[in-house]
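Raw contents of upload.cif, mmCIF, C-alpha atoms:
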```cif
data_query
loop_
_atom_site.label_atom_id
_atom_site.label_comp_id
_atom_site.auth_asym_id
_atom_site.auth_seq_id
_atom_site.Cartn_x
_atom_site.Cartn_y
_atom_site.Cartn_z
CA MET A 1 -7.60 -4.36 -48.28
CA THR A 2 -10.98 -5.74 -47.21
CA LEU A 3 -12.48 -5.60 -43.74
CA THR A 4 -11.66 -9.26 -43.15
CA GLN A 5 -7.96 -8.59 -43.87
CA ALA A 6 -7.76 -5.55 -41.57
CA VAL A 7 -4.96 -5.62 -39.02
CA PRO A 8 -6.40 -6.19 -35.53
CA PHE A 9 -6.15 -3.17 -33.21
CA THR A 10 -3.81 -3.69 -30.28
CA PRO A 11 -3.71 -0.94 -27.65
CA LYS A 12 -0.29 0.34 -26.62
CA PHE A 13 -1.06 0.10 -22.92
CA GLY A 14 -3.35 -2.08 -20.86
CA GLN A 15 -2.44 -5.25 -22.74
CA MET A 16 -1.25 -8.44 -21.11
CA LEU A 17 2.43 -9.17 -21.53
CA SER A 18 3.83 -12.54 -22.53
CA PRO A 19 3.19 -15.57 -20.29
CA GLU A 20 6.70 -15.36 -18.78
CA ALA A 21 5.75 -11.92 -17.43
CA ASN A 22 3.62 -13.72 -14.81
CA GLY A 23 0.48 -11.63 -15.17
CA ILE A 24 1.82 -8.09 -15.41
CA LEU A 25 -0.39 -5.50 -17.08
CA VAL A 26 1.33 -2.41 -18.56
CA LEU A 27 -0.70 0.71 -17.73
CA ASP A 28 1.65 3.44 -18.91
CA GLU A 29 5.15 3.82 -20.30
CA PHE A 30 7.37 6.87 -20.84
CA THR A 31 11.01 7.93 -20.79
CA LEU A 32 12.96 10.23 -18.49
CA ASP A 33 16.04 12.33 -19.18
CA PRO A 34 18.75 10.76 -16.98
CA GLU A 35 20.99 13.83 -16.79
CA ALA A 36 18.11 16.08 -15.72
CA ALA A 37 16.87 13.43 -13.26
CA ARG A 38 20.26 13.31 -11.52
CA LYS A 39 20.32 17.10 -11.15
CA GLU A 40 16.70 17.22 -9.99
CA GLN A 41 17.35 14.51 -7.43
CA HIS A 42 19.91 16.76 -5.73
CA GLY A 43 17.66 19.85 -6.03
CA PHE A 44 14.59 18.13 -4.58
CA ARG A 45 16.61 16.61 -1.73
CA ALA A 46 18.15 20.00 -0.89
CA ALA A 47 14.74 21.70 -0.94
CA LEU A 48 13.11 19.02 1.24
CA GLY A 49 16.09 19.07 3.63
CA SER A 50 15.83 22.85 3.91
CA VAL A 51 12.13 22.60 4.79
CA ALA A 52 12.81 19.93 7.44
CA LEU A 53 15.71 21.91 8.95
CA THR A 54 13.65 25.10 9.15
CA LEU A 55 10.74 23.31 10.82
CA ARG A 56 13.13 21.71 13.36
CA ARG A 57 14.59 25.14 14.16
CA ILE A 58 11.10 26.59 14.67
CA VAL A 59 10.19 23.73 17.04
CA ALA A 60 13.47 24.21 18.96
CA LEU A 61 12.80 27.95 19.26
CA ARG A 62 9.29 27.32 20.55
CA LEU A 63 10.66 24.88 23.14
CA PHE A 64 13.28 27.41 24.24
CA ILE A 65 10.60 30.10 24.64
CA ALA A 66 8.45 27.69 26.66
CA VAL A 67 11.39 26.81 28.96
CA VAL A 68 12.18 30.50 29.54
CA ALA A 69 8.53 31.25 30.29
CA ILE A 70 8.21 28.33 32.74
CA ALA A 71 11.56 29.14 34.44
CA ASN A 72 10.34 32.68 35.05
CA LEU A 73 7.53 31.56 37.37
CA PRO A 74 9.63 30.02 40.22
CA LEU A 75 12.09 32.91 39.88
CA PHE A 76 9.21 35.30 40.44
CA LEU A 77 7.62 33.33 43.31
CA LEU A 78 10.77 32.39 45.25
CA SER A 79 12.60 35.73 45.12
CA THR A 80 11.95 39.00 46.91
CA GLY A 81 12.79 42.56 46.07
CA TRP A 82 11.71 45.12 43.52
CA TRP A 83 14.31 44.00 40.93
CA ILE A 84 12.60 40.63 40.51
CA TYR A 85 9.46 42.39 39.25
CA ALA A 86 11.53 44.16 36.63
CA VAL A 87 13.23 40.90 35.54
CA SER A 88 9.94 38.97 35.41
CA LEU A 89 8.23 41.75 33.50
CA THR A 90 11.12 41.86 31.03
CA VAL A 91 10.95 38.06 30.56
CA VAL A 92 7.17 38.13 30.04
CA VAL A 93 7.42 40.93 27.48
CA ALA A 94 10.31 39.18 25.70
CA VAL A 95 8.41 35.84 25.57
CA HIS A 96 5.29 37.57 24.27
CA ALA A 97 7.31 39.42 21.59
CA ALA A 98 9.13 36.22 20.56
CA VAL A 99 5.89 34.22 20.25
CA SER A 100 4.23 37.02 18.28
CA TRP A 101 7.22 37.27 15.92
CA LEU A 102 7.32 33.48 15.47
CA ASN A 103 3.57 33.29 14.78
CA SER A 104 3.85 35.94 12.08
CA HIS A 105 7.13 34.65 10.63
CA GLU A 106 6.42 30.89 10.48
CA PRO A 107 3.76 31.05 7.70
CA LYS A 108 6.13 33.16 5.58
CA VAL A 109 8.91 30.59 6.00
CA ARG A 110 6.58 27.72 5.11
CA GLN A 111 5.28 29.64 2.09
CA ARG A 112 8.81 30.42 0.88
CA HIS A 113 9.83 26.75 1.07
CA SER A 114 6.58 25.64 -0.58
CA LEU A 115 7.30 28.06 -3.42
CA GLU A 116 10.83 26.67 -3.77
CA LEU A 117 9.46 23.12 -4.09
CA HIS A 118 6.80 24.31 -6.53
CA LEU A 119 9.48 25.88 -8.74
CA HIS A 120 11.46 22.61 -8.70
CA ARG A 121 8.30 20.76 -9.79
CA GLU A 122 7.46 23.18 -12.58
CA ARG A 123 11.00 23.19 -14.00
CA SER A 124 11.14 19.39 -14.10
CA ASP A 125 9.78 17.70 -17.23
CA ASN A 126 10.60 14.34 -15.65
CA TYR A 127 8.56 15.13 -12.54
CA ARG A 128 5.59 16.22 -14.63
CA LYS A 129 5.71 13.03 -16.71
CA VAL A 130 5.66 10.86 -13.59
CA ARG A 131 2.98 13.00 -11.94
CA ASP A 132 0.70 12.90 -14.99
CA ALA A 133 1.14 9.14 -15.37
CA VAL A 134 0.33 8.54 -11.71
CA LYS A 135 -2.73 10.79 -11.88
CA PHE A 136 -3.97 9.00 -14.98
CA VAL A 137 -3.32 5.48 -13.74
CA ILE A 138 -4.42 5.52 -10.12
CA ASP A 139 -6.43 8.77 -10.07
CA SER A 140 -4.80 9.87 -6.84
CA PRO A 141 -2.71 13.02 -7.40
CA ALA A 142 -1.97 13.39 -3.69
CA ARG A 143 0.19 10.26 -3.85
CA MET A 144 2.54 11.87 -6.35
CA ASN A 145 4.92 14.12 -4.50
CA GLU A 146 8.62 14.79 -4.27
CA HIS A 147 9.22 11.79 -2.00
CA LEU A 148 7.64 9.37 -4.47
CA TYR A 149 9.67 10.84 -7.34
CA LEU A 150 12.90 10.55 -5.34
CA GLU A 151 12.03 6.99 -4.28
CA LEU A 152 11.55 6.03 -7.92
CA LEU A 153 14.94 7.49 -8.91
CA ALA A 154 16.65 5.80 -5.95
CA ALA A 155 14.89 2.45 -5.66
CA LYS A 156 13.88 1.92 -9.31
CA ARG A 157 10.65 0.28 -8.14
CA VAL A 158 7.91 1.99 -6.15
CA ALA A 159 4.53 0.67 -5.05
CA LEU A 160 2.01 3.33 -6.04
CA HIS A 161 -1.13 1.56 -4.90
CA LEU A 162 -0.65 -1.46 -2.66
CA HIS A 163 -4.28 -2.58 -2.72
CA ILE A 164 -4.43 -3.13 -6.47
CA GLY A 165 -0.73 -3.90 -6.92
CA THR A 166 0.19 -0.90 -9.08
CA VAL A 167 3.96 -0.41 -9.29
CA ALA A 168 6.25 2.05 -11.07
CA VAL A 169 9.41 0.40 -12.42
CA LEU A 170 12.42 2.40 -13.60
CA ASP A 171 14.68 0.78 -16.22
CA THR A 172 18.12 2.45 -16.26
CA SER A 173 19.81 -0.01 -18.63
CA ASP A 174 19.88 2.63 -21.39
CA ASP A 175 21.84 5.57 -19.99
CA SER A 176 20.61 7.95 -22.70
CA ALA A 177 16.91 7.58 -21.81
CA TRP A 178 15.52 5.90 -18.70
CA LYS A 179 12.25 4.06 -19.27
CA VAL A 180 9.48 4.09 -16.68
CA ARG A 181 6.69 1.54 -16.81
CA ILE A 182 3.68 1.69 -14.56
CA VAL A 183 2.40 -1.83 -14.27
CA ARG A 184 -0.31 -3.69 -12.40
CA GLU A 185 0.74 -7.00 -10.95
CA LEU A 186 -2.23 -9.35 -11.15
CA PRO A 187 -2.47 -12.05 -8.46
CA GLN A 188 -0.97 -15.34 -9.65
CA THR A 189 -4.27 -17.19 -8.94
CA ALA A 190 -6.23 -14.84 -11.20
CA PHE A 191 -3.60 -15.23 -13.91
CA THR A 192 -3.71 -19.04 -13.82
CA GLN A 193 -7.52 -19.03 -13.83
CA ALA A 194 -7.58 -16.72 -16.91
CA ALA A 195 -5.14 -18.98 -18.69
#
```
Just give me the structure of the file as structure tokens.
Amino acid sequence: MTLTQAVPFTPKFGQMLSPEANGILVLDEFTLDPEAARKEQHGFRAALGSVALTLRRIVALRLFIAVVAIANLPLFLLSTGWWIYAVSLTVVVAVHAAVSWLNSHEPKVRQRHSLELHLHRERSDNYRKVRDAVKFVIDSPARMNEHLYLELLAAKRVALHLHIGTVAVLDTSDDSAWKVRIVRELPQTAFTQAA
């Protein structure tokens, strides 16, 4: 075969689709394991819900401590007798102990839940595929997190970068392997001008 008869090179990604695709550029394409994705969806949701519940409990406990501390002041000022000093002192010591315990315990709770989410990430091949594709395509790893992964599995279409129109599309028509395409939707005016 001579050089003039060589087959032209066509890249797998980054090529324009057919005209009926209305100016969509494929940036990356990969498959997900549907069975694993369904299990991971539940695991990620449970882990995120656990984090949110724990943080709400910590906030509620802080509010309760603040209410007890504030309620102690009028009790101390409006009452007479030696017993009120003992009660106020007990309340002050209890509030101080509770705040100290909470300040030392809260980072451990956050760290434990962060570790749980990290383990979910590392066990998930699907998550890593999506994360790596997002990092490669839009060079913004912070955008790829559990919420984005769950949105993709739930909504089947997620805007990754609104400014440049980058979108992840999940095709679940084949139940043995879900296909994910990360595409860039070019403005219709630019597409008509190029044509």
Report, in Å to a single decimal, how far apart CA of Ala36 in chain A and CA of Val134 in chain A are.
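That distance, rounded to one decimal, is 19.7 Å.
Evaluating the PyMOL selection byres ((chain A and resi 114-125) around 10) against the shown model yields A:Leu32, A:Asp33, A:Ala36, A:Ala37, A:Lys39, A:Glu40, A:Gly43, A:Phe44, A:Arg45, A:Ala46, A:Ala47, A:Leu48, A:Ser50, A:Val51, A:Lys108, A:Val109, A:Arg110, A:Gln111, A:Arg112, A:His113, A:Asn126, A:Tyr127, A:Arg128, A:Lys129, A:Val130, A:Arg131, A:Asn145, A:Glu146.
The space separating CA of Val91 in chain A from CA of Leu53 in chain A comes to 27.4 Å.
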Using Å and a single decimal, report how far CA of Gln41 in chain A sits from CA of Lys156 in chain A.
13.2 Å
Output check: residues returned by the PyMOL selection byres ((chain A and resi 160-174) around 10), as an mmCIF file with C-alpha atoms, keeping the file's coordinate frame:
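Done, and the output landed in part23.cif:
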```cif
data_model
loop_
_atom_site.group_PDB
_atom_site.id
_atom_site.type_symbol
_atom_site.label_atom_id
_atom_site.label_comp_id
_atom_site.auth_asym_id
_atom_site.auth_seq_id
_atom_site.Cartn_x
_atom_site.Cartn_y
_atom_site.Cartn_z
ATOM 1 C CA ILE A 24 1.820 -8.090 -15.410
ATOM 2 C CA LEU A 25 -0.390 -5.500 -17.080
ATOM 3 C CA VAL A 26 1.330 -2.410 -18.560
ATOM 4 C CA LEU A 27 -0.700 0.710 -17.730
ATOM 5 C CA ASP A 28 1.650 3.440 -18.910
ATOM 6 C CA GLU A 29 5.150 3.820 -20.300
ATOM 7 C CA PHE A 30 7.370 6.870 -20.840
ATOM 8 C CA THR A 31 11.010 7.930 -20.790
ATOM 9 C CA LEU A 32 12.960 10.230 -18.490
ATOM 10 C CA PRO A 34 18.750 10.760 -16.980
ATOM 11 C CA VAL A 130 5.660 10.860 -13.590
ATOM 12 C CA ALA A 133 1.140 9.140 -15.370
ATOM 13 C CA VAL A 134 0.330 8.540 -11.710
ATOM 14 C CA VAL A 137 -3.320 5.480 -13.740
ATOM 15 C CA ILE A 138 -4.420 5.520 -10.120
ATOM 16 C CA SER A 140 -4.800 9.870 -6.840
ATOM 17 C CA ARG A 143 0.190 10.260 -3.850
ATOM 18 C CA MET A 144 2.540 11.870 -6.350
ATOM 19 C CA LEU A 148 7.640 9.370 -4.470
ATOM 20 C CA LEU A 152 11.550 6.030 -7.920
ATOM 21 C CA LEU A 153 14.940 7.490 -8.910
ATOM 22 C CA ALA A 154 16.650 5.800 -5.950
ATOM 23 C CA ALA A 155 14.890 2.450 -5.660
ATOM 24 C CA LYS A 156 13.880 1.920 -9.310
ATOM 25 C CA ARG A 157 10.650 0.280 -8.140
ATOM 26 C CA VAL A 158 7.910 1.990 -6.150
ATOM 27 C CA ALA A 159 4.530 0.670 -5.050
ATOM 28 C CA ASP A 175 21.840 5.570 -19.990
ATOM 29 C CA SER A 176 20.610 7.950 -22.700
ATOM 30 C CA ALA A 177 16.910 7.580 -21.810
ATOM 31 C CA TRP A 178 15.520 5.900 -18.700
ATOM 32 C CA LYS A 179 12.250 4.060 -19.270
ATOM 33 C CA VAL A 180 9.480 4.090 -16.680
ATOM 34 C CA ARG A 181 6.690 1.540 -16.810
ATOM 35 C CA ILE A 182 3.680 1.690 -14.560
ATOM 36 C CA VAL A 183 2.400 -1.830 -14.270
ATOM 37 C CA ARG A 184 -0.310 -3.690 -12.400
ATOM 38 C CA GLU A 185 0.740 -7.000 -10.950
ATOM 39 C CA LEU A 186 -2.230 -9.350 -11.150
ATOM 40 C CA PRO A 187 -2.470 -12.050 -8.460
#
```
Rank nothing, just name the residue among A:Val93, A:Ala60, A:Leu55, A:Glu106 nearest to Asn72 in chain A, using only C-alpha atoms.
A:Val93
